[in-house]
Each structure stands twice: as structure tokens, then as C-alpha cells.
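What follows is the content of upload_0.txt, which has compact mmCIF, C-alpha atoms:
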# COMPACT_ATOMS: atom_id res chain seq x y z
CA MET A 1 -21.82 -0.52 -53.57
CA SER A 2 -22.67 2.79 -51.89
CA VAL A 3 -23.34 3.05 -48.15
CA SER A 4 -24.30 6.35 -46.52
CA LEU A 5 -23.94 7.50 -42.94
CA ASP A 6 -27.72 8.05 -42.81
CA GLN A 7 -28.24 4.36 -43.62
CA LEU A 8 -25.81 3.27 -40.92
CA GLU A 9 -27.38 5.64 -38.41
CA ALA A 10 -30.85 4.23 -39.08
CA PHE A 11 -29.53 0.66 -38.81
CA VAL A 12 -27.78 1.27 -35.48
CA ALA A 13 -30.74 3.21 -34.05
CA ALA A 14 -33.19 0.42 -34.98
CA ALA A 15 -30.94 -2.20 -33.41
CA GLU A 16 -30.34 -0.22 -30.23
CA HIS A 17 -33.96 0.91 -29.73
CA GLY A 18 -35.63 -2.34 -30.72
CA SER A 19 -37.96 -1.13 -33.45
CA PHE A 20 -38.17 1.15 -36.45
CA SER A 21 -40.74 3.34 -34.72
CA ALA A 22 -38.51 3.85 -31.66
CA ALA A 23 -35.53 4.55 -33.93
CA ALA A 24 -37.62 7.08 -35.83
CA ARG A 25 -38.49 8.92 -32.61
CA HIS A 26 -34.83 8.93 -31.58
CA LEU A 27 -33.67 10.24 -34.97
CA ARG A 28 -36.65 12.58 -35.34
CA LYS A 29 -37.53 11.07 -38.68
CA ALA A 30 -40.65 9.44 -40.06
CA GLN A 31 -40.88 5.71 -39.47
CA SER A 32 -41.20 5.14 -43.19
CA ALA A 33 -37.92 7.03 -43.75
CA VAL A 34 -36.08 4.83 -41.24
CA SER A 35 -37.54 1.65 -42.75
CA LEU A 36 -36.51 2.80 -46.22
CA LEU A 37 -32.96 3.59 -45.09
CA VAL A 38 -32.55 0.16 -43.50
CA SER A 39 -34.03 -1.63 -46.51
CA SER A 40 -31.78 0.27 -48.92
CA LEU A 41 -28.75 -0.57 -46.74
CA GLU A 42 -29.69 -4.26 -46.91
CA ASP A 43 -29.96 -3.99 -50.69
CA ASP A 44 -26.61 -2.23 -50.97
CA LEU A 45 -24.85 -4.75 -48.71
CA GLY A 46 -26.59 -7.74 -50.21
CA VAL A 47 -27.55 -9.21 -46.80
CA LYS A 48 -30.57 -9.11 -44.52
CA LEU A 49 -29.82 -7.21 -41.33
CA PHE A 50 -33.17 -7.79 -39.61
CA SER A 51 -35.65 -10.64 -39.49
CA ARG A 52 -39.15 -9.27 -39.82
CA ALA A 53 -40.96 -12.48 -38.90
CA THR A 54 -42.03 -11.03 -35.55
CA ARG A 55 -43.74 -7.78 -34.57
CA ASN A 56 -40.41 -6.12 -33.75
CA PRO A 57 -37.49 -6.75 -36.09
CA THR A 58 -34.62 -8.83 -34.67
CA LEU A 59 -31.05 -8.85 -35.86
CA THR A 60 -29.92 -11.66 -38.13
CA GLU A 61 -26.47 -13.22 -37.69
CA ALA A 62 -25.17 -10.90 -40.38
CA GLY A 63 -26.89 -7.97 -38.66
CA LYS A 64 -25.23 -8.77 -35.33
CA ARG A 65 -21.83 -8.89 -36.97
CA LEU A 66 -22.27 -5.75 -39.04
CA LEU A 67 -23.78 -3.75 -36.16
CA ALA A 68 -20.36 -3.53 -34.49
CA GLU A 69 -18.79 -2.27 -37.71
CA ALA A 70 -21.54 0.30 -38.27
CA SER A 71 -21.26 1.54 -34.68
CA LEU A 72 -17.51 1.90 -35.08
CA ILE A 73 -17.91 4.00 -38.24
CA LEU A 74 -20.42 6.29 -36.53
CA ASP A 75 -18.14 6.61 -33.48
CA ARG A 76 -15.25 7.62 -35.72
CA ARG A 77 -17.49 10.21 -37.36
CA GLU A 78 -18.10 11.75 -33.91
CA HIS A 79 -14.39 11.56 -33.22
CA LEU A 80 -13.66 13.38 -36.47
CA ILE A 81 -16.10 16.13 -35.53
CA GLY A 82 -14.60 16.37 -32.04
CA VAL A 83 -11.06 16.70 -33.40
CA ALA A 84 -12.19 19.42 -35.80
CA ARG A 85 -13.83 21.32 -32.94
CA SER A 86 -10.61 20.99 -30.94
CA PHE A 87 -8.74 22.72 -33.78
CA GLU A 88 -11.37 25.44 -33.73
CA ARG A 89 -10.79 25.98 -29.99
CA ARG A 90 -7.00 25.77 -30.53
CA VAL A 91 -6.71 22.73 -28.25
CA GLU A 92 -3.46 20.81 -28.65
CA THR A 93 -3.63 17.66 -30.75
CA ARG A 94 -0.89 16.00 -28.67
CA LEU A 95 0.58 16.47 -25.22
CA SER A 96 3.63 14.88 -23.60
CA VAL A 97 4.04 14.68 -19.81
CA ALA A 98 7.10 13.25 -18.02
CA VAL A 99 6.52 12.15 -14.41
CA ASP A 100 8.95 11.03 -11.70
CA GLU A 101 7.96 7.76 -9.99
CA LEU A 102 7.86 9.70 -6.70
CA TYR A 103 4.47 11.03 -7.80
CA PRO A 104 1.85 8.57 -6.44
CA GLU A 105 0.42 6.24 -9.10
CA PRO A 106 -3.23 6.47 -7.90
CA ALA A 107 -3.00 10.23 -8.23
CA VAL A 108 -1.72 9.81 -11.80
CA GLY A 109 -4.68 7.57 -12.64
CA ALA A 110 -7.27 9.95 -11.16
CA LEU A 111 -5.78 13.03 -12.79
CA PHE A 112 -5.53 11.59 -16.29
CA ALA A 113 -8.98 10.01 -16.11
CA ALA A 114 -10.31 13.54 -15.61
CA PHE A 115 -8.05 14.73 -18.45
CA ALA A 116 -9.43 12.09 -20.82
CA GLU A 117 -12.98 13.17 -20.04
CA ARG A 118 -12.25 16.87 -20.55
CA PHE A 119 -9.95 16.50 -23.59
CA PRO A 120 -11.06 13.26 -25.29
CA HIS A 121 -9.36 14.09 -28.59
CA VAL A 122 -5.91 15.03 -27.30
CA GLU A 123 -3.30 12.33 -27.91
CA LEU A 124 -1.29 11.82 -24.73
CA GLU A 125 2.22 10.54 -24.13
CA LEU A 126 2.82 9.82 -20.43
CA SER A 127 6.39 8.78 -19.67
CA PHE A 128 8.31 7.98 -16.48
CA PRO A 129 11.96 8.79 -17.21
CA SER A 130 14.68 9.30 -14.63
CA THR A 131 14.22 12.54 -12.72
CA ARG A 132 17.50 13.98 -14.05
CA ASP A 133 16.23 13.52 -17.62
CA ILE A 134 12.88 15.25 -17.08
CA ALA A 135 14.26 18.79 -17.11
CA GLY A 136 16.11 18.12 -20.37
CA LEU A 137 12.98 16.74 -22.03
CA VAL A 138 10.99 19.83 -21.06
CA LEU A 139 13.77 22.21 -22.07
CA GLU A 140 14.11 20.55 -25.50
CA GLY A 141 10.35 20.54 -26.09
CA LYS A 142 10.10 16.75 -25.98
CA ALA A 143 7.81 17.04 -22.96
CA ASP A 144 5.27 19.80 -22.40
CA LEU A 145 5.18 19.29 -18.63
CA GLY A 146 7.42 17.56 -16.12
CA VAL A 147 6.92 16.42 -12.53
CA LYS A 148 10.22 15.90 -10.77
CA TRP A 149 12.29 15.92 -7.61
CA ARG A 150 12.79 19.60 -6.79
CA GLU A 151 16.09 21.25 -7.65
CA GLU A 152 17.31 24.48 -6.12
CA ASP A 153 18.79 25.80 -9.37
CA LEU A 154 16.56 25.63 -12.44
CA PRO A 155 17.39 27.27 -15.80
CA PRO A 156 15.63 30.65 -16.20
CA ALA A 157 13.58 29.20 -19.11
CA PHE A 158 11.56 27.10 -16.66
CA GLY A 159 8.34 27.96 -14.94
CA PHE A 160 7.66 25.85 -11.87
CA HIS A 161 5.20 25.15 -9.08
CA THR A 162 5.84 23.05 -5.98
CA ILE A 163 2.95 20.58 -5.91
CA GLY A 164 3.66 18.85 -2.60
CA TRP A 165 5.83 16.70 -0.43
CA VAL A 166 6.28 12.94 -0.55
CA PRO A 167 7.31 11.19 2.67
CA LEU A 168 10.24 8.80 2.42
CA ILE A 169 10.18 6.02 5.03
CA LEU A 170 13.24 4.20 6.29
CA VAL A 171 12.86 0.54 5.26
CA CYS A 172 14.94 -2.62 5.63
CA GLY A 173 14.39 -6.37 5.53
CA ARG A 174 12.89 -8.07 8.56
CA GLY A 175 16.16 -9.95 9.09
CA HIS A 176 18.33 -6.82 8.93
CA PRO A 177 20.10 -5.75 12.17
CA LEU A 178 18.28 -2.38 12.11
CA ALA A 179 14.85 -4.07 12.21
CA THR A 180 15.02 -5.33 15.79
CA ALA A 181 15.45 -2.24 18.01
CA PRO A 182 15.25 1.59 17.95
CA VAL A 183 18.03 2.86 15.69
CA THR A 184 20.58 5.52 16.57
CA TRP A 185 22.16 7.88 14.03
CA GLU A 186 25.53 6.17 14.34
CA GLU A 187 24.02 2.71 13.79
CA LEU A 188 22.32 3.97 10.66
CA ARG A 189 25.59 5.29 9.29
CA ARG A 190 27.32 1.95 9.80
CA HIS A 191 24.98 0.00 7.52
CA ARG A 192 24.83 0.06 3.72
CA GLN A 193 22.32 2.53 2.29
CA ILE A 194 20.54 1.87 -1.02
CA MET A 195 19.78 5.01 -3.03
CA VAL A 196 18.16 5.70 -6.40
CA THR A 197 20.67 6.18 -9.21
CA THR A 198 18.60 8.89 -10.87
CA ARG A 199 19.17 11.12 -7.85
CA SER A 200 22.92 10.68 -7.60
CA GLY A 201 23.62 14.40 -7.65
CA GLY A 202 22.38 17.64 -6.13
CA ALA A 203 21.92 19.10 -2.66
CA GLU A 204 18.79 17.06 -1.92
CA THR A 205 20.68 13.80 -2.47
CA HIS A 206 23.41 14.89 -0.04
CA ARG A 207 20.76 15.69 2.55
CA LEU A 208 19.38 12.15 2.31
CA ARG A 209 22.69 10.32 2.15
CA VAL A 210 23.60 9.06 5.60
CA ALA A 211 25.76 5.95 5.31
CA ALA A 212 29.42 5.81 4.33
CA GLU A 213 28.71 2.91 1.97
CA VAL A 214 26.03 3.40 -0.70
CA TRP A 215 24.67 1.24 -3.49
CA TRP A 216 22.99 3.04 -6.39
CA VAL A 217 19.95 1.32 -7.96
CA GLY A 218 17.75 2.57 -10.79
CA SER A 219 14.28 2.02 -9.28
CA HIS A 220 12.56 2.06 -5.89
CA TRP A 221 10.72 -1.13 -6.87
CA VAL A 222 14.03 -2.96 -7.44
CA ILE A 223 15.41 -1.51 -4.21
CA LEU A 224 12.59 -3.24 -2.32
CA GLN A 225 13.70 -6.57 -3.77
CA ILE A 226 17.22 -5.91 -2.52
CA LEU A 227 16.04 -4.83 0.93
CA GLN A 228 14.05 -8.04 1.23
CA ARG A 229 17.37 -9.91 1.08
CA GLY A 230 18.76 -7.98 4.03
CA ILE A 231 21.45 -6.25 1.98
CA GLY A 232 20.89 -2.71 3.31
CA TRP A 233 18.36 -0.02 4.16
CA ALA A 234 16.72 2.70 2.08
CA LEU A 235 14.37 5.67 2.16
CA ILE A 236 11.31 4.60 0.18
CA PRO A 237 8.26 6.70 -0.87
CA ALA A 238 5.27 5.80 1.30
CA HIS A 239 2.96 5.05 -1.65
CA ILE A 240 5.47 2.65 -3.26
CA LEU A 241 5.92 0.79 0.00
CA ALA A 242 2.16 0.57 0.54
CA ASN A 243 1.55 -0.84 -2.95
CA SER A 244 4.38 -3.39 -2.89
CA PRO A 245 3.54 -7.10 -2.39
CA LEU A 246 6.85 -7.29 -0.48
CA ALA A 247 5.57 -5.02 2.30
CA PRO A 248 4.92 -7.90 4.77
CA GLU A 249 8.55 -8.99 4.39
CA LEU A 250 9.97 -5.54 5.15
CA ALA A 251 10.38 -3.53 8.34
CA THR A 252 10.21 0.18 9.14
CA PRO A 253 12.66 0.62 12.04
CA SER A 254 11.86 3.07 14.80
CA LEU A 255 14.43 5.86 15.07
CA GLN A 256 15.74 7.43 18.23
CA PHE A 257 16.58 10.74 16.59
CA ASP A 258 13.45 11.66 14.56
CA GLY A 259 9.96 10.53 13.52
CA GLY A 260 11.22 8.50 10.57
CA ALA A 261 9.46 10.30 7.68
CA HIS A 262 11.78 12.34 5.44
CA PRO A 263 9.71 14.47 3.04
CA VAL A 264 11.02 15.49 -0.37
CA ALA A 265 9.45 18.14 -2.58
CA LEU A 266 7.97 17.51 -6.02
CA GLU A 267 7.61 20.32 -8.49
CA LEU A 268 5.83 20.79 -11.77
CA ILE A 269 7.97 22.40 -14.48
CA TRP A 270 7.33 23.78 -17.97
CA ASN A 271 9.24 25.78 -20.55
CA LYS A 272 8.12 29.42 -20.38
CA GLN A 273 9.42 30.02 -23.90
CA ARG A 274 6.95 27.55 -25.42
CA PRO A 275 3.26 28.55 -25.68
CA ALA A 276 0.84 26.40 -23.70
CA GLY A 277 -2.58 25.47 -25.06
CA PRO A 278 -5.80 24.82 -23.12
CA ALA A 279 -4.96 21.18 -22.32
CA ALA A 280 -1.50 21.97 -20.91
CA LEU A 281 -2.85 24.90 -18.91
CA TRP A 282 -5.62 22.73 -17.48
CA LEU A 283 -3.10 20.07 -16.42
CA ARG A 284 -0.92 22.70 -14.77
CA GLU A 285 -3.89 23.95 -12.78
CA GLN A 286 -4.93 20.43 -11.78
CA PHE A 287 -1.46 19.37 -10.66
CA ALA A 288 -1.24 22.51 -8.53
CA ALA A 289 -4.79 22.20 -7.15
CA THR A 290 -4.53 18.50 -6.27
CA GLY A 291 -1.16 18.72 -4.58
CA ILE A 292 0.38 16.21 -2.21
CA ARG A 293 0.34 16.80 1.52
CA SER A 294 2.63 14.36 3.35
CA GLY A 295 1.55 11.68 0.90
CA GLU A 296 -2.13 12.20 1.76
CA ILE A 297 -3.98 12.41 -1.52
CA GLU A 298 -7.15 10.69 -2.64
CA GLY A 299 -6.35 7.01 -3.01
CA ILE A 300 -3.03 7.27 -1.14
CA PRO A 301 -2.84 5.76 2.37
CA ARG A 302 -1.79 7.91 5.29
CA LEU A 303 1.74 7.40 6.57
CA ALA A 304 0.48 5.94 9.86
CA ASP A 305 -1.61 3.39 7.95
CA VAL A 306 1.36 2.34 5.84
CA VAL A 307 3.54 1.73 8.87
CA LYS A 308 0.72 -0.12 10.64
CA VAL A 309 0.24 -2.49 7.70
CA ILE A 310 3.92 -3.31 7.62

Spit out the file's structure as C-alpha cells when you get a sec.
Amino acid sequence: MSVSLDQLEAFVAAAEHGSFSAAARHLRKAQSAVSLLVSSLEDDLGVKLFSRATRNPTLTEAGKRLLAEASLILDRREHLIGVARSFERRVETRLSVAVDELYPEPAVGALFAAFAERFPHVELELSFPSTRDIAGLVLEGKADLGVKWREEDLPPAFGFHTIGWVPLILVCGRGHPLATAPVTWEELRRHRQIMVTTRSGGAETHRLRVAAEVWWVGSHWVILQILQRGIGWALIPAHILANSPLAPELATPSLQFDGGAHPVALELIWNKQRPAGPAALWLREQFAATGIRSGEIEGIPRLADVVKVI
């Protein structure tokens, strides 16, 4: 049995356009050539693909089933051609990006939807490791790009770009003592603070640590579950709070000593010693161009809206 791509192309075109004549116009072939290709495909497969009892051919049961297979083969042919053209343009075949959960999820979705459209043949690995692991992955070449909590001291091998600031909002359970009245600095220090384990070192962590007693937890999402139980208070990224189903059960206390939003910087990092291809360079430009301004990015609610909802 021998089946050619020309036969499959004629079959799919006839099915999609409703007639051999319309398929012929689409393929820029003679109608007789399209009819012959379909007939020879039926002979080779040993099944009838179209019923010709009516003016326009209609798919048989076998034709309906085999149309999906034929379309898949033709799609893979286009994919093969696209991958080959990517090699010709020296586009990477694979890219790995490690992102801290501080980076807003809707922004991740929008950015990589645009990436998929521009680089459809680049295999992507998108991971969300702990922020202290991201630098190591980039340095070792296991990640081409990293988005992480900013550090003051980066190894000289890194290139970096600050892409914006994420507001952290003070949050506690509705039954917590801090939820009922404006909070002073001393009151805040007296109550247990919940902090993210992955940021247990560095100057930025010391800036955000207030309480004498601290619990370390591995994820902001888990911290929200703990806060719901009234166990302590925490500084939570605005976008995580806004997207949590627990938001109605949490409170954002008013503070007597500041406005309540503590911004932290996110930076994009890459290894300067490793060459970057077109896909990596495009992502670097897009991360920098999109940015984050006080959590206000397309699809991310404004800080005032988050607090109002809660």
C-alpha cells in the first residue's frame, strides 16, 4: 500500500471545501487531477472515502474517521517544514525559563501565548522553582532565563534587568486580633509573622521581617490557608491574594505607620557567557517591555481593587 501526500492533500481539500471543483481551485489543480488523486487514495486504502450518490460528494463513515488522520499527517508535514526553517534562521529548538511565583500568573499566560505564536516550533520548559534555586539553574545552563526576587549581589556572569515591582499586602485571618483596628508597629511585632521559606536569606528578607516570631512556609498559597486559621499575619503578593478563593475569609488590616503596600523588585537574569538565540532575545525584550508597575499589568487588578474586594 502506497499513500502520497498529494493524495492526502486532495482528500482533505475536498472534504473541507465540499466538492472536488472547490478543492481544485484551492489547490490550483485541474478538477480531474483532484478526482484522480482521491480515487487512487480510495483504491490504495481499500475503502470508499466519499459517497458520490449526490451532486456534491459526502464523506462516508470511513472517510470521516480517516479525515482526522490525514489532517494530522499534513499538519505534521507543516510542522516539519517549520522546524527546518527555524534551524535555517538559527532559532533555538528548546528554551527553559524559570519563574518566581511573585511574577503574576496572568502576565505569564499573556506573554507565553505571544511566544507560542511567534515561535511555534520552539519546545518550552516553564518551571516555577524556589527563588533561591533560579540563579543556580541559570548559572548552570539548566535555565536560559530566570525571573526572581532581586538580589543586591549577583555573580559577574549574570546579565540582569529589573522588570518591575510587586506590591506585598499585609494579610491576616478575619478572626485575627490585627483585623479589627488600625495596627501600630509594636502590635505588628508582637504577632507571629508567616514568611516564605524560599526567601529565608538576604537583605530583602531582613527588610520585610518584622515580628520576633516567624514561621517559614514554602508557598504563598499555603500561607493563605494558614492565615485563614488565624495563626499569624503575612505579606502576600497582590495578584495571589486577588486570585485566591480564600480572599473573602481574609482581612487586610489598616496600618497607622504606612500605606500597607510593601513593593519588592523582580529582575530578569541570564548567563552572559552563554549565547542567546532569537527566541531568548525576544523573551528578554518582552519581559523588559511589559514590566510590572505596582502590580498593574494587563489582567492584574489594581491594589485598591484588591483591597476593596477583600

* To do: Determine, counting only C-alpha atoms, which protein, DNA and RNA residues have an atom within 10 Å of an atom of stretch 68-78 of chain A; residues of the same chain fewer than 5 positions away are not included. Present the result as a count of residues only.
  => 11

Pull the closest atom pair for each residue of stretch 188-242 of chain A that gets at most 9 Å from stretch 153-167 of chain A, along with the distance in Å to one decimal, counting all atoms listed in the file, ordering rows by chain and then ascending residue number, as JSON lines.
{"residue": "A:Leu235", "atom": "CA", "partner": "A:Pro167", "partner_atom": "CA", "distance": 9.0}
{"residue": "A:Ile236", "atom": "CA", "partner": "A:Pro167", "partner_atom": "CA", "distance": 8.1}
{"residue": "A:Pro237", "atom": "CA", "partner": "A:Pro167", "partner_atom": "CA", "distance": 5.8}
{"residue": "A:Ala238", "atom": "CA", "partner": "A:Pro167", "partner_atom": "CA", "distance": 5.9}
{"residue": "A:His239", "atom": "CA", "partner": "A:Val166", "partner_atom": "CA", "distance": 8.6}

Each stretch 227-271 of chain A residue no farther than 6 Å from stretch 178-189 of chain A, nearest pair in Å, all atoms listed in the file, as JSON lines:
{"residue": "A:Ala251", "atom": "CA", "partner": "A:Ala179", "partner_atom": "CA", "distance": 5.9}
{"residue": "A:Pro253", "atom": "CA", "partner": "A:Ala179", "partner_atom": "CA", "distance": 5.2}
{"residue": "A:Ser254", "atom": "CA", "partner": "A:Pro182", "partner_atom": "CA", "distance": 4.9}
{"residue": "A:Leu255", "atom": "CA", "partner": "A:Val183", "partner_atom": "CA", "distance": 4.7}
{"residue": "A:Gln256", "atom": "CA", "partner": "A:Thr184", "partner_atom": "CA", "distance": 5.5}

Any chance you can output those residues with C-alpha atoms as a PDB file, keeping the file's coordinate frame?
ATOM      1  CA  ALA A 251      10.380  -3.530   8.340  1.00  0.00           C
ATOM      2  CA  PRO A 253      12.660   0.620  12.040  1.00  0.00           C
ATOM      3  CA  SER A 254      11.860   3.070  14.800  1.00  0.00           C
ATOM      4  CA  LEU A 255      14.430   5.860  15.070  1.00  0.00           C
ATOM      5  CA  GLN A 256      15.740   7.430  18.230  1.00  0.00           C
TER       6      GLN A 256
END

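Using all atoms listed in the file, the shortest contact distance between A:Ser2 and any of A:Gly146, A:Pro104, A:Gly46, A:Gly136 is found at A:Gly46.
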
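Picture a line from atom CA of A:Ala22 to atom CA of A:Ala10; it runs 10.7 Å.
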
* Separation of atom CA of A:Val99 from atom CA of A:Lys142 in Å -> 13.0 Å

* Which polymer residues have any atom within 10 Å of an atom of A:Val108, counting all atoms listed in the file, with same-chain residues fewer than 3 positions away left out, as a list in words? -> Val99, Tyr103, Pro104, Glu105, Leu111, Phe112, Ala113, Leu126 and Phe287 of chain A

* Please identify all polymer residues within 12 Å of A:Asp44, counting only C-alpha atoms, omitting same-chain residues fewer than 5 positions from it, and present them as JSON, numbers by chain. => {"A": [1, 2, 3, 4, 7, 8, 37, 38, 39, 49]}

Let's have the selection written as a short mmCIF file (atom, residue, chain, number, x, y, z; two decimals), in the coordinates of the input, with C-alpha atoms.
data_model
loop_
_atom_site.label_atom_id
_atom_site.label_comp_id
_atom_site.auth_asym_id
_atom_site.auth_seq_id
_atom_site.Cartn_x
_atom_site.Cartn_y
_atom_site.Cartn_z
CA MET A 1 -21.82 -0.52 -53.57
CA SER A 2 -22.67 2.79 -51.89
CA VAL A 3 -23.34 3.05 -48.15
CA SER A 4 -24.30 6.35 -46.52
CA GLN A 7 -28.24 4.36 -43.62
CA LEU A 8 -25.81 3.27 -40.92
CA LEU A 37 -32.96 3.59 -45.09
CA VAL A 38 -32.55 0.16 -43.50
CA SER A 39 -34.03 -1.63 -46.51
CA LEU A 49 -29.82 -7.21 -41.33
#

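Compared by their closest atoms to A:Val264, and using only C-alpha atoms, the residues A:Leu36, A:Ala53, A:Leu208, A:Leu139 rank with A:Leu208 nearest.
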
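Take the candidates A:Phe50, A:Phe128, A:Phe20, A:Phe115 and check each one against A:Ala279 using all atoms listed in the file; the shortest distance goes to A:Phe115.
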
* To do: Please identify all polymer residues lying at most 8 Å from the point (5.3, 14.4, -11.1) (file coordinates), using all atoms listed in the file, and present the result as a ChimeraX atom specification.
  => /A:98-103,146-149,266-268

Edge lengths and centre, in Å to one decimal, as JSON: that's what I need for the box along x, y and z that holds all listed atoms of stretch 188-193 of chain A plus 6 Å on each side.
{"center_x": 24.8, "center_y": 2.6, "center_z": 6.5, "size_x": 17.0, "size_y": 17.3, "size_z": 20.4}

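Omitting stretch 215-227 of chain A and its sequence neighbours fewer than 4 positions away, and counting all atoms listed in the file, the residues within 6 Å are Cys172, Gly173, Ile194, Met195, Val196, Thr197, Ile231 and Gly232 of chain A.
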
* At what distance in Å, to one decimal, does atom CA of A:Gly141 lie from atom CA of A:Pro120? -> 22.6 Å

* To do: Just the residues within 10 Å of A:Arg229, please, counting all atoms listed in the file, with nothing from its chain fewer than 6 positions along; format it as a ChimeraX atom specification.
  => /A:172-176,249-250

* Given the choices A:Thr290, A:Ser32, A:Gln193, A:Ser96, which gets closest to A:Ala276 if the distance is worked out from only C-alpha atoms? -> A:Ser96

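Remark: for A:Leu168, the closest of the candidate residues A:Pro129, A:Glu61, A:Val210, A:Leu241 is A:Leu241 (distances computed over all atoms listed in the file).
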